[in-house]
$ cat coords.csv   # CSV, C-alpha atoms
chain,number,residue,atom,x,y,z
A,1,MET,CA,0.0,9.3,-1.2
A,2,GLU,CA,-1.8,11.6,1.1
A,3,ARG,CA,-5.3,10.4,0.5
A,4,SER,CA,-6.2,7.0,1.9
A,5,THR,CA,-9.8,6.9,0.7
A,6,LEU,CA,-11.6,7.2,-2.6
A,7,SER,CA,-14.7,9.2,-3.2
A,8,ALA,CA,-17.9,7.1,-3.4
A,9,ASN,CA,-18.2,7.7,-7.2
A,10,SER,CA,-14.5,7.2,-8.0
A,11,GLY,CA,-13.7,5.0,-11.0
A,12,LYS,CA,-10.6,3.7,-9.3
A,13,LEU,CA,-10.4,0.5,-7.2
A,14,PHE,CA,-7.4,1.4,-5.1
A,15,THR,CA,-5.7,4.4,-3.7
A,16,LEU,CA,-2.0,5.0,-4.5
A,17,SER,CA,-1.3,4.7,-0.8
A,18,SER,CA,-2.9,1.3,-0.6
A,19,ILE,CA,-0.9,0.1,-3.6
A,20,TYR,CA,2.3,1.4,-2.0
A,21,ASN,CA,1.6,-0.3,1.3
A,22,ALA,CA,0.7,-3.6,-0.3
A,23,ASN,CA,3.9,-3.6,-2.4
A,24,HIS,CA,5.9,-2.6,0.7
A,25,ALA,CA,4.4,-5.6,2.6
A,26,LEU,CA,5.0,-7.9,-0.5
A,27,LEU,CA,8.7,-7.0,-1.0
A,28,ARG,CA,9.6,-6.5,2.7
A,29,ASP,CA,13.1,-7.9,3.5
A,30,LEU,CA,13.4,-9.8,0.2
A,31,ASN,CA,16.5,-7.7,-0.6
A,32,LEU,CA,16.1,-7.8,-4.4
A,33,PRO,CA,17.6,-5.3,-6.8
A,34,GLY,CA,15.1,-2.7,-8.0
A,35,GLU,CA,14.2,-4.0,-11.4
A,36,GLU,CA,14.0,-7.6,-10.1
A,37,ALA,CA,11.7,-6.5,-7.3
A,38,CYS,CA,9.5,-4.5,-9.6
A,39,GLY,CA,9.2,-7.4,-12.0
A,40,LEU,CA,8.4,-9.8,-9.3
A,41,ALA,CA,5.8,-7.5,-7.8
A,42,GLN,CA,4.2,-7.0,-11.2
A,43,ARG,CA,4.0,-10.8,-11.8
A,44,TYR,CA,2.6,-11.4,-8.3
A,45,TRP,CA,-0.2,-8.8,-8.7
A,46,GLU,CA,-1.0,-10.0,-12.2
A,47,ALA,CA,-1.4,-13.5,-10.7
A,48,VAL,CA,-3.7,-12.2,-8.0
A,49,ASP,CA,-5.6,-10.3,-10.7
A,50,THR,CA,-6.4,-13.5,-12.5
A,51,LEU,CA,-7.8,-15.0,-9.3
A,52,ILE,CA,-10.2,-12.0,-8.5
A,53,PRO,CA,-12.5,-11.8,-11.5
A,54,GLU,CA,-14.2,-8.5,-10.4
A,55,TRP,CA,-10.9,-6.6,-10.9
A,56,GLY,CA,-10.8,-7.6,-14.6
A,57,MET,CA,-14.5,-6.8,-14.9
A,58,VAL,CA,-13.8,-3.2,-13.7
A,59,ARG,CA,-10.9,-2.9,-16.1
A,60,ARG,CA,-13.1,-4.1,-19.0
A,61,ARG,CA,-15.9,-1.7,-17.7
A,62,ASP,CA,-18.3,-4.6,-17.2
A,63,LEU,CA,-18.6,-3.4,-13.5
A,64,LEU,CA,-18.3,0.0,-11.9
A,65,ALA,CA,-15.5,0.3,-9.4
A,66,ARG,CA,-17.9,1.8,-6.8
A,67,GLU,CA,-20.1,-1.3,-7.0
A,68,VAL,CA,-17.1,-3.5,-6.4
A,69,ARG,CA,-15.9,-1.4,-3.5
A,70,LYS,CA,-19.4,-1.5,-2.0
A,71,ASP,CA,-19.9,-5.2,-2.4
A,72,PHE,CA,-16.4,-6.8,-1.9
A,73,ILE,CA,-13.5,-6.2,0.5
A,74,HIS,CA,-10.8,-7.2,-2.0
A,75,SER,CA,-10.7,-3.7,-3.4
A,76,HIS,CA,-9.9,-2.1,-0.1
A,77,GLY,CA,-6.5,-1.2,1.3
A,78,LEU,CA,-6.9,-3.8,4.1
A,79,ALA,CA,-7.3,-6.7,1.7
A,80,LEU,CA,-4.4,-5.5,-0.6
A,81,HIS,CA,-2.1,-5.2,2.4
A,82,ALA,CA,-3.1,-8.7,3.6
A,83,LEU,CA,-2.5,-10.1,0.1
A,84,GLY,CA,0.9,-8.4,0.1
A,85,ARG,CA,1.8,-10.0,3.5
A,86,VAL,CA,0.7,-13.4,2.3
A,87,GLY,CA,2.6,-12.9,-1.0
A,88,ASN,CA,5.7,-12.0,1.0
A,89,THR,CA,5.5,-15.4,2.8
A,90,LEU,CA,5.2,-17.2,-0.5
A,91,LEU,CA,8.1,-15.2,-2.1
A,92,ARG,CA,10.3,-15.9,0.9
A,93,GLY,CA,9.6,-19.6,0.2
A,94,SER,CA,10.6,-19.3,-3.4
A,95,THR,CA,10.8,-16.5,-6.0
A,96,ASP,CA,10.1,-19.1,-8.7
A,97,GLU,CA,6.8,-18.1,-10.1
A,98,ALA,CA,5.8,-21.7,-10.8
A,99,VAL,CA,6.1,-22.4,-7.1
A,100,TRP,CA,4.4,-19.4,-5.5
A,101,ALA,CA,1.7,-19.1,-8.2
A,102,SER,CA,0.5,-22.6,-7.5
A,103,ARG,CA,0.4,-21.9,-3.8
A,104,LEU,CA,-1.5,-18.7,-4.4
A,105,LYS,CA,-4.4,-20.3,-6.4
A,106,PRO,CA,-6.7,-20.8,-3.4
A,107,VAL,CA,-7.2,-17.0,-3.2
A,108,GLY,CA,-9.6,-17.6,-6.1
A,109,ASP,CA,-11.8,-19.6,-3.8
A,110,VAL,CA,-12.1,-16.9,-1.1
A,111,ASP,CA,-15.6,-15.4,-0.7
A,112,TRP,CA,-14.6,-11.7,-0.7
A,113,SER,CA,-18.2,-10.4,-0.5
A,114,ARG,CA,-19.0,-8.2,2.4
A,115,THR,CA,-21.9,-10.5,3.2
A,116,ASN,CA,-19.5,-13.3,4.1
A,117,THR,CA,-19.9,-13.4,7.9
A,118,ASP,CA,-16.2,-14.7,8.1
A,119,TRP,CA,-15.1,-11.0,7.6
A,120,GLU,CA,-17.0,-9.7,10.7
A,121,GLY,CA,-14.5,-8.8,13.3
A,122,ARG,CA,-11.6,-9.6,11.0
A,123,ALA,CA,-12.0,-7.0,8.2
A,124,ILE,CA,-15.4,-5.5,9.0
A,125,VAL,CA,-16.2,-3.8,12.2
A,126,GLY,CA,-19.6,-2.2,12.7
A,127,GLY,CA,-20.5,-2.7,9.0
A,128,ARG,CA,-17.3,-0.8,7.9
A,129,VAL,CA,-14.0,-2.1,6.6
A,130,SER,CA,-11.4,-1.4,9.2
A,131,LYS,CA,-7.7,-1.1,8.4
A,132,SER,CA,-6.4,-1.1,11.9
A,133,HIS,CA,-3.2,-3.2,12.6
A,134,GLN,CA,-5.4,-5.8,14.4
A,135,ASN,CA,-7.8,-6.1,11.4
A,136,THR,CA,-5.0,-6.3,8.9
A,137,VAL,CA,-3.4,-9.2,10.9
A,138,LEU,CA,-6.7,-11.0,11.3
A,139,THR,CA,-7.5,-10.7,7.6
A,140,THR,CA,-4.0,-11.9,6.8
A,141,ASN,CA,-4.5,-14.9,9.1
A,142,TYR,CA,-7.7,-15.7,7.3
A,143,LEU,CA,-5.9,-15.8,4.0
A,144,ARG,CA,-2.9,-17.7,5.4
A,145,ARG,CA,-5.2,-20.4,6.7
A,146,HIS,CA,-7.1,-20.5,3.4
A,147,LEU,CA,-3.7,-21.1,1.6
A,148,GLY,CA,-2.4,-23.5,4.2
A,149,LEU,CA,0.3,-21.2,5.4
A,150,PRO,CA,1.5,-21.1,9.1
A,151,LEU,CA,0.9,-18.2,11.3
A,152,SER,CA,3.7,-16.3,13.1
A,153,THR,CA,3.6,-16.2,16.9
A,154,GLU,CA,2.1,-12.7,16.9
A,155,GLU,CA,-0.5,-13.8,14.4
A,156,GLN,CA,-1.4,-16.9,16.3
A,157,GLN,CA,-1.8,-15.0,19.5
A,158,LEU,CA,-4.2,-12.5,17.9
A,159,GLU,CA,-6.0,-15.4,16.2
A,160,ASP,CA,-6.5,-17.2,19.5
A,161,ALA,CA,-7.8,-14.0,21.1
A,162,TYR,CA,-10.2,-13.4,18.2
A,163,LEU,CA,-11.5,-17.0,18.4
A,164,ARG,CA,-12.0,-16.6,22.2
A,165,GLY,CA,-14.0,-13.4,21.4
A,166,GLU,CA,-11.5,-11.2,23.2
A,167,VAL,CA,-10.9,-8.8,20.2
$ encode --input "coords.csv" --output "structure tokens"
Amino acid sequence: MERSTLSANSGKLFTLSSIYNANHALLRDLNLPGEEACGLAQRYWEAVDTLIPEWGMVRRRDLLAREVRKDFIHSHGLALHALGRVGNTLLRGSTDEAVWASRLKPVGDVDWSRTNTDWEGRAIVGGRVSKSHQNTVLTTNYLRRHLGLPLSTEEQQLEDAYLRGEV
């Protein structure tokens, strides 16, 4: 849990700390018993996994983890945390997998590549992925909009400031 970064040549996609933070965001205030929460989290991340092909390619060793981390933001703690926050919204709406999984599908259409200029100022600052609170919220906002989910008041205020070029 202490390390929040991976070495450049690591074969891993995620740090334990980023997985922990993403699951904490996913299950926040759902008040589910332990086993039920674990099963729900597992099903959620398996559903996300089917929507992000590069994760499976790393698992099958068709791609190196370092290449994926270099070229995409979905393998960074920032994106995992944002996916956890979005998942929390979906699960608050319904823990029925048929319901939340269908609403999650547009994640598969997101252009997660670092070259996507939509990430500049949201997830990438000065050419580097930034996991500040502000960047986490802006990345979450991007995903919420992509999935047609409403923004909270705080999220909307930060989004408005971002769109005005104030952040």
$ closest_residue --input "coords.csv" --among "A:Pro33, A:Asp111, A:Tyr142, A:Gln156" --to "A:Val86" --atoms "only C-alpha atoms"
A:Tyr142
$ closest_residue --input "coords.csv" --among "A:Leu80, A:Val129, A:Leu143, A:Leu90" --to "A:Ser17" --atoms "all atoms listed in the file"
A:Leu80
$ residues_around --input "coords.csv" --residues "stretch 63-67 of chain A" --least-positions-apart "5" --cutoff "10 Å" --atoms "all atoms listed in the file" --output "VMD selection string"
chain A and resid 6 to 14 54 to 58 72 75
$ atom_distance --input "coords.csv" --atom1 "atom CA of A:Val125" --atom2 "atom CA of A:Val107"
22.2 Å
$ atom_distance --input "coords.csv" --atom1 "atom CA of A:Arg92" --atom2 "atom CA of A:Asp29"
8.9 Å
$ closest_atom_pairs --input "coords.csv" --of "stretch 72-106 of chain A" --to "stretch 137-141 of chain A" --cutoff "12 Å" --atoms "only C-alpha atoms" --output "CSV"
residue,atom,partner,partner_atom,distance
A:Ile73,CA,A:Thr139,CA,10.3
A:His74,CA,A:Thr139,CA,10.7
A:His76,CA,A:Thr139,CA,11.8
A:Gly77,CA,A:Thr139,CA,11.4
A:Leu78,CA,A:Thr139,CA,7.8
A:Ala79,CA,A:Thr139,CA,7.1
A:Leu80,CA,A:Thr140,CA,9.8
A:His81,CA,A:Thr140,CA,8.2
A:Ala82,CA,A:Thr140,CA,4.6
A:Leu83,CA,A:Thr140,CA,7.1
A:Gly84,CA,A:Thr140,CA,9.0
A:Arg85,CA,A:Thr140,CA,6.9
A:Val86,CA,A:Thr140,CA,6.7
A:Gly87,CA,A:Thr140,CA,10.3
A:Asn88,CA,A:Thr140,CA,11.3
A:Thr89,CA,A:Thr140,CA,10.9
$ atom_distance --input "coords.csv" --atom1 "atom CA of A:Arg61" --atom2 "atom CA of A:Gly108"
20.7 Å
$ residues_around --input "coords.csv" --residues "A:Gln134" --least-positions-apart "3" --cutoff "10 Å" --atoms "only C-alpha atoms" --output "list in words"
Gly121, Arg122, Ala123, Ser130, Lys131, Val137, Leu138, Thr139, Thr140, Glu155, Leu158, Glu159, Tyr162 and Val167 of chain A
$ closest_residue --input "coords.csv" --among "A:Ala22, A:Ile52, A:Trp119, A:Arg103" --to "A:Asn135" --atoms "only C-alpha atoms"
A:Trp119
$ closest_residue --input "coords.csv" --among "A:Pro150, A:Gly165, A:Leu91, A:Trp100" --to "A:Asn31" --atoms "all atoms listed in the file"
A:Leu91
$ closest_residue --input "coords.csv" --among "A:Pro106, A:Thr117, A:Leu163, A:Leu51" --to "A:Gly148" --atoms "all atoms listed in the file"
A:Pro106
$ decode --input "coords.csv" --residues "stretch 14-118 of chain A" --atoms "C-alpha atoms" --output "mmCIF file, in the first residue's frame"
data_model
loop_
_atom_site.group_PDB
_atom_site.id
_atom_site.type_symbol
_atom_site.label_atom_id
_atom_site.label_comp_id
_atom_site.auth_asym_id
_atom_site.auth_seq_id
_atom_site.Cartn_x
_atom_site.Cartn_y
_atom_site.Cartn_z
ATOM 1 C CA PHE A 14 -1.901 -1.251 -11.283
ATOM 2 C CA THR A 15 -0.495 -0.632 -7.830
ATOM 3 C CA LEU A 16 -2.197 -2.224 -4.843
ATOM 4 C CA SER A 17 -2.867 1.284 -3.556
ATOM 5 C CA SER A 18 -4.728 2.264 -6.754
ATOM 6 C CA ILE A 19 -6.830 -0.913 -6.591
ATOM 7 C CA TYR A 20 -7.644 -0.228 -2.944
ATOM 8 C CA ASN A 21 -8.630 3.405 -3.652
ATOM 9 C CA ALA A 22 -10.750 2.410 -6.654
ATOM 10 C CA ASN A 23 -12.609 -0.231 -4.636
ATOM 11 C CA HIS A 24 -13.092 2.200 -1.767
ATOM 12 C CA ALA A 25 -14.665 4.685 -4.208
ATOM 13 C CA LEU A 26 -16.762 1.924 -5.799
ATOM 14 C CA LEU A 27 -18.235 0.596 -2.547
ATOM 15 C CA ARG A 28 -18.466 3.887 -0.633
ATOM 16 C CA ASP A 29 -21.662 4.184 1.445
ATOM 17 C CA LEU A 30 -23.287 1.128 -0.155
ATOM 18 C CA ASN A 31 -23.448 -0.570 3.274
ATOM 19 C CA LEU A 32 -23.217 -4.112 1.939
ATOM 20 C CA PRO A 33 -22.049 -7.128 3.973
ATOM 21 C CA GLY A 34 -18.412 -8.092 3.313
ATOM 22 C CA GLU A 35 -18.932 -11.063 1.013
ATOM 23 C CA GLU A 36 -21.660 -9.316 -0.942
ATOM 24 C CA ALA A 37 -19.482 -6.210 -1.366
ATOM 25 C CA CYS A 38 -16.534 -8.328 -2.532
ATOM 26 C CA GLY A 39 -18.656 -10.218 -5.051
ATOM 27 C CA LEU A 40 -20.215 -7.034 -6.380
ATOM 28 C CA ALA A 41 -16.798 -5.367 -6.730
ATOM 29 C CA GLN A 42 -15.435 -8.410 -8.536
ATOM 30 C CA ARG A 43 -18.362 -8.466 -10.979
ATOM 31 C CA TYR A 44 -18.048 -4.724 -11.589
ATOM 32 C CA TRP A 45 -14.321 -4.853 -12.383
ATOM 33 C CA GLU A 46 -14.803 -7.941 -14.564
ATOM 34 C CA ALA A 47 -17.428 -5.984 -16.520
ATOM 35 C CA VAL A 48 -15.029 -3.039 -16.884
ATOM 36 C CA ASP A 49 -12.297 -5.469 -17.949
ATOM 37 C CA THR A 50 -14.414 -6.685 -20.881
ATOM 38 C CA LEU A 51 -14.790 -3.076 -22.046
ATOM 39 C CA ILE A 52 -11.062 -2.235 -22.016
ATOM 40 C CA PRO A 53 -9.384 -4.681 -24.405
ATOM 41 C CA GLU A 54 -5.812 -3.702 -23.508
ATOM 42 C CA TRP A 55 -6.232 -5.099 -19.987
ATOM 43 C CA GLY A 56 -6.979 -8.543 -21.409
ATOM 44 C CA MET A 57 -4.131 -8.222 -23.891
ATOM 45 C CA VAL A 58 -1.695 -7.653 -21.012
ATOM 46 C CA ARG A 59 -3.136 -10.635 -19.139
ATOM 47 C CA ARG A 60 -2.708 -12.821 -22.247
ATOM 48 C CA ARG A 61 0.788 -11.357 -22.741
ATOM 49 C CA ASP A 62 -0.091 -9.940 -26.149
ATOM 50 C CA LEU A 63 0.972 -6.495 -24.871
ATOM 51 C CA LEU A 64 3.466 -5.413 -22.246
ATOM 52 C CA ALA A 65 2.052 -3.593 -19.230
ATOM 53 C CA ARG A 66 4.641 -0.825 -19.604
ATOM 54 C CA GLU A 67 3.446 -0.145 -23.164
ATOM 55 C CA VAL A 68 -0.156 0.110 -22.014
ATOM 56 C CA ARG A 69 0.763 2.449 -19.131
ATOM 57 C CA LYS A 70 2.789 4.576 -21.551
ATOM 58 C CA ASP A 71 0.071 4.851 -24.213
ATOM 59 C CA PHE A 72 -3.208 4.820 -22.249
ATOM 60 C CA ILE A 73 -4.547 6.427 -19.093
ATOM 61 C CA HIS A 74 -6.936 3.594 -18.142
ATOM 62 C CA SER A 75 -4.124 1.757 -16.386
ATOM 63 C CA HIS A 76 -3.331 4.636 -14.029
ATOM 64 C CA GLY A 77 -4.692 5.106 -10.522
ATOM 65 C CA LEU A 78 -6.516 8.256 -11.634
ATOM 66 C CA ALA A 79 -8.629 6.371 -14.177
ATOM 67 C CA LEU A 80 -9.278 3.450 -11.818
ATOM 68 C CA HIS A 81 -10.453 5.866 -9.132
ATOM 69 C CA ALA A 82 -12.720 7.643 -11.635
ATOM 70 C CA LEU A 83 -14.134 4.286 -12.789
ATOM 71 C CA GLY A 84 -14.769 3.413 -9.141
ATOM 72 C CA ARG A 85 -16.620 6.691 -8.567
ATOM 73 C CA VAL A 86 -18.743 6.184 -11.677
ATOM 74 C CA GLY A 87 -19.412 2.590 -10.646
ATOM 75 C CA ASN A 88 -20.556 3.795 -7.236
ATOM 76 C CA THR A 89 -23.175 5.961 -8.923
ATOM 77 C CA LEU A 90 -24.362 3.042 -11.025
ATOM 78 C CA LEU A 91 -24.514 0.692 -8.020
ATOM 79 C CA ARG A 92 -26.425 3.241 -5.960
ATOM 80 C CA GLY A 93 -28.999 3.191 -8.739
ATOM 81 C CA SER A 94 -29.194 -0.606 -8.720
ATOM 82 C CA THR A 95 -27.029 -3.498 -7.585
ATOM 83 C CA ASP A 96 -28.750 -5.642 -10.227
ATOM 84 C CA GLU A 97 -25.964 -6.487 -12.653
ATOM 85 C CA ALA A 98 -28.271 -6.435 -15.663
ATOM 86 C CA VAL A 99 -29.091 -2.800 -14.885
ATOM 87 C CA TRP A 100 -25.652 -1.345 -14.077
ATOM 88 C CA ALA A 101 -23.763 -3.404 -16.661
ATOM 89 C CA SER A 102 -25.888 -2.073 -19.506
ATOM 90 C CA ARG A 103 -25.344 1.518 -18.318
ATOM 91 C CA LEU A 104 -21.584 0.854 -18.080
ATOM 92 C CA LYS A 105 -21.185 -0.261 -21.712
ATOM 93 C CA PRO A 106 -20.272 3.195 -23.123
ATOM 94 C CA VAL A 107 -16.955 2.913 -21.223
ATOM 95 C CA GLY A 108 -15.923 0.663 -24.110
ATOM 96 C CA ASP A 109 -16.257 3.622 -26.494
ATOM 97 C CA VAL A 110 -13.989 5.963 -24.513
ATOM 98 C CA ASP A 111 -10.729 6.889 -26.245
ATOM 99 C CA TRP A 112 -8.334 6.182 -23.373
ATOM 100 C CA SER A 113 -5.191 6.959 -25.379
ATOM 101 C CA ARG A 114 -2.888 9.642 -24.035
ATOM 102 C CA THR A 115 -3.044 11.301 -27.447
ATOM 103 C CA ASN A 116 -6.757 12.049 -26.945
ATOM 104 C CA THR A 117 -6.744 15.817 -26.391
ATOM 105 C CA ASP A 118 -9.868 15.509 -24.208
#
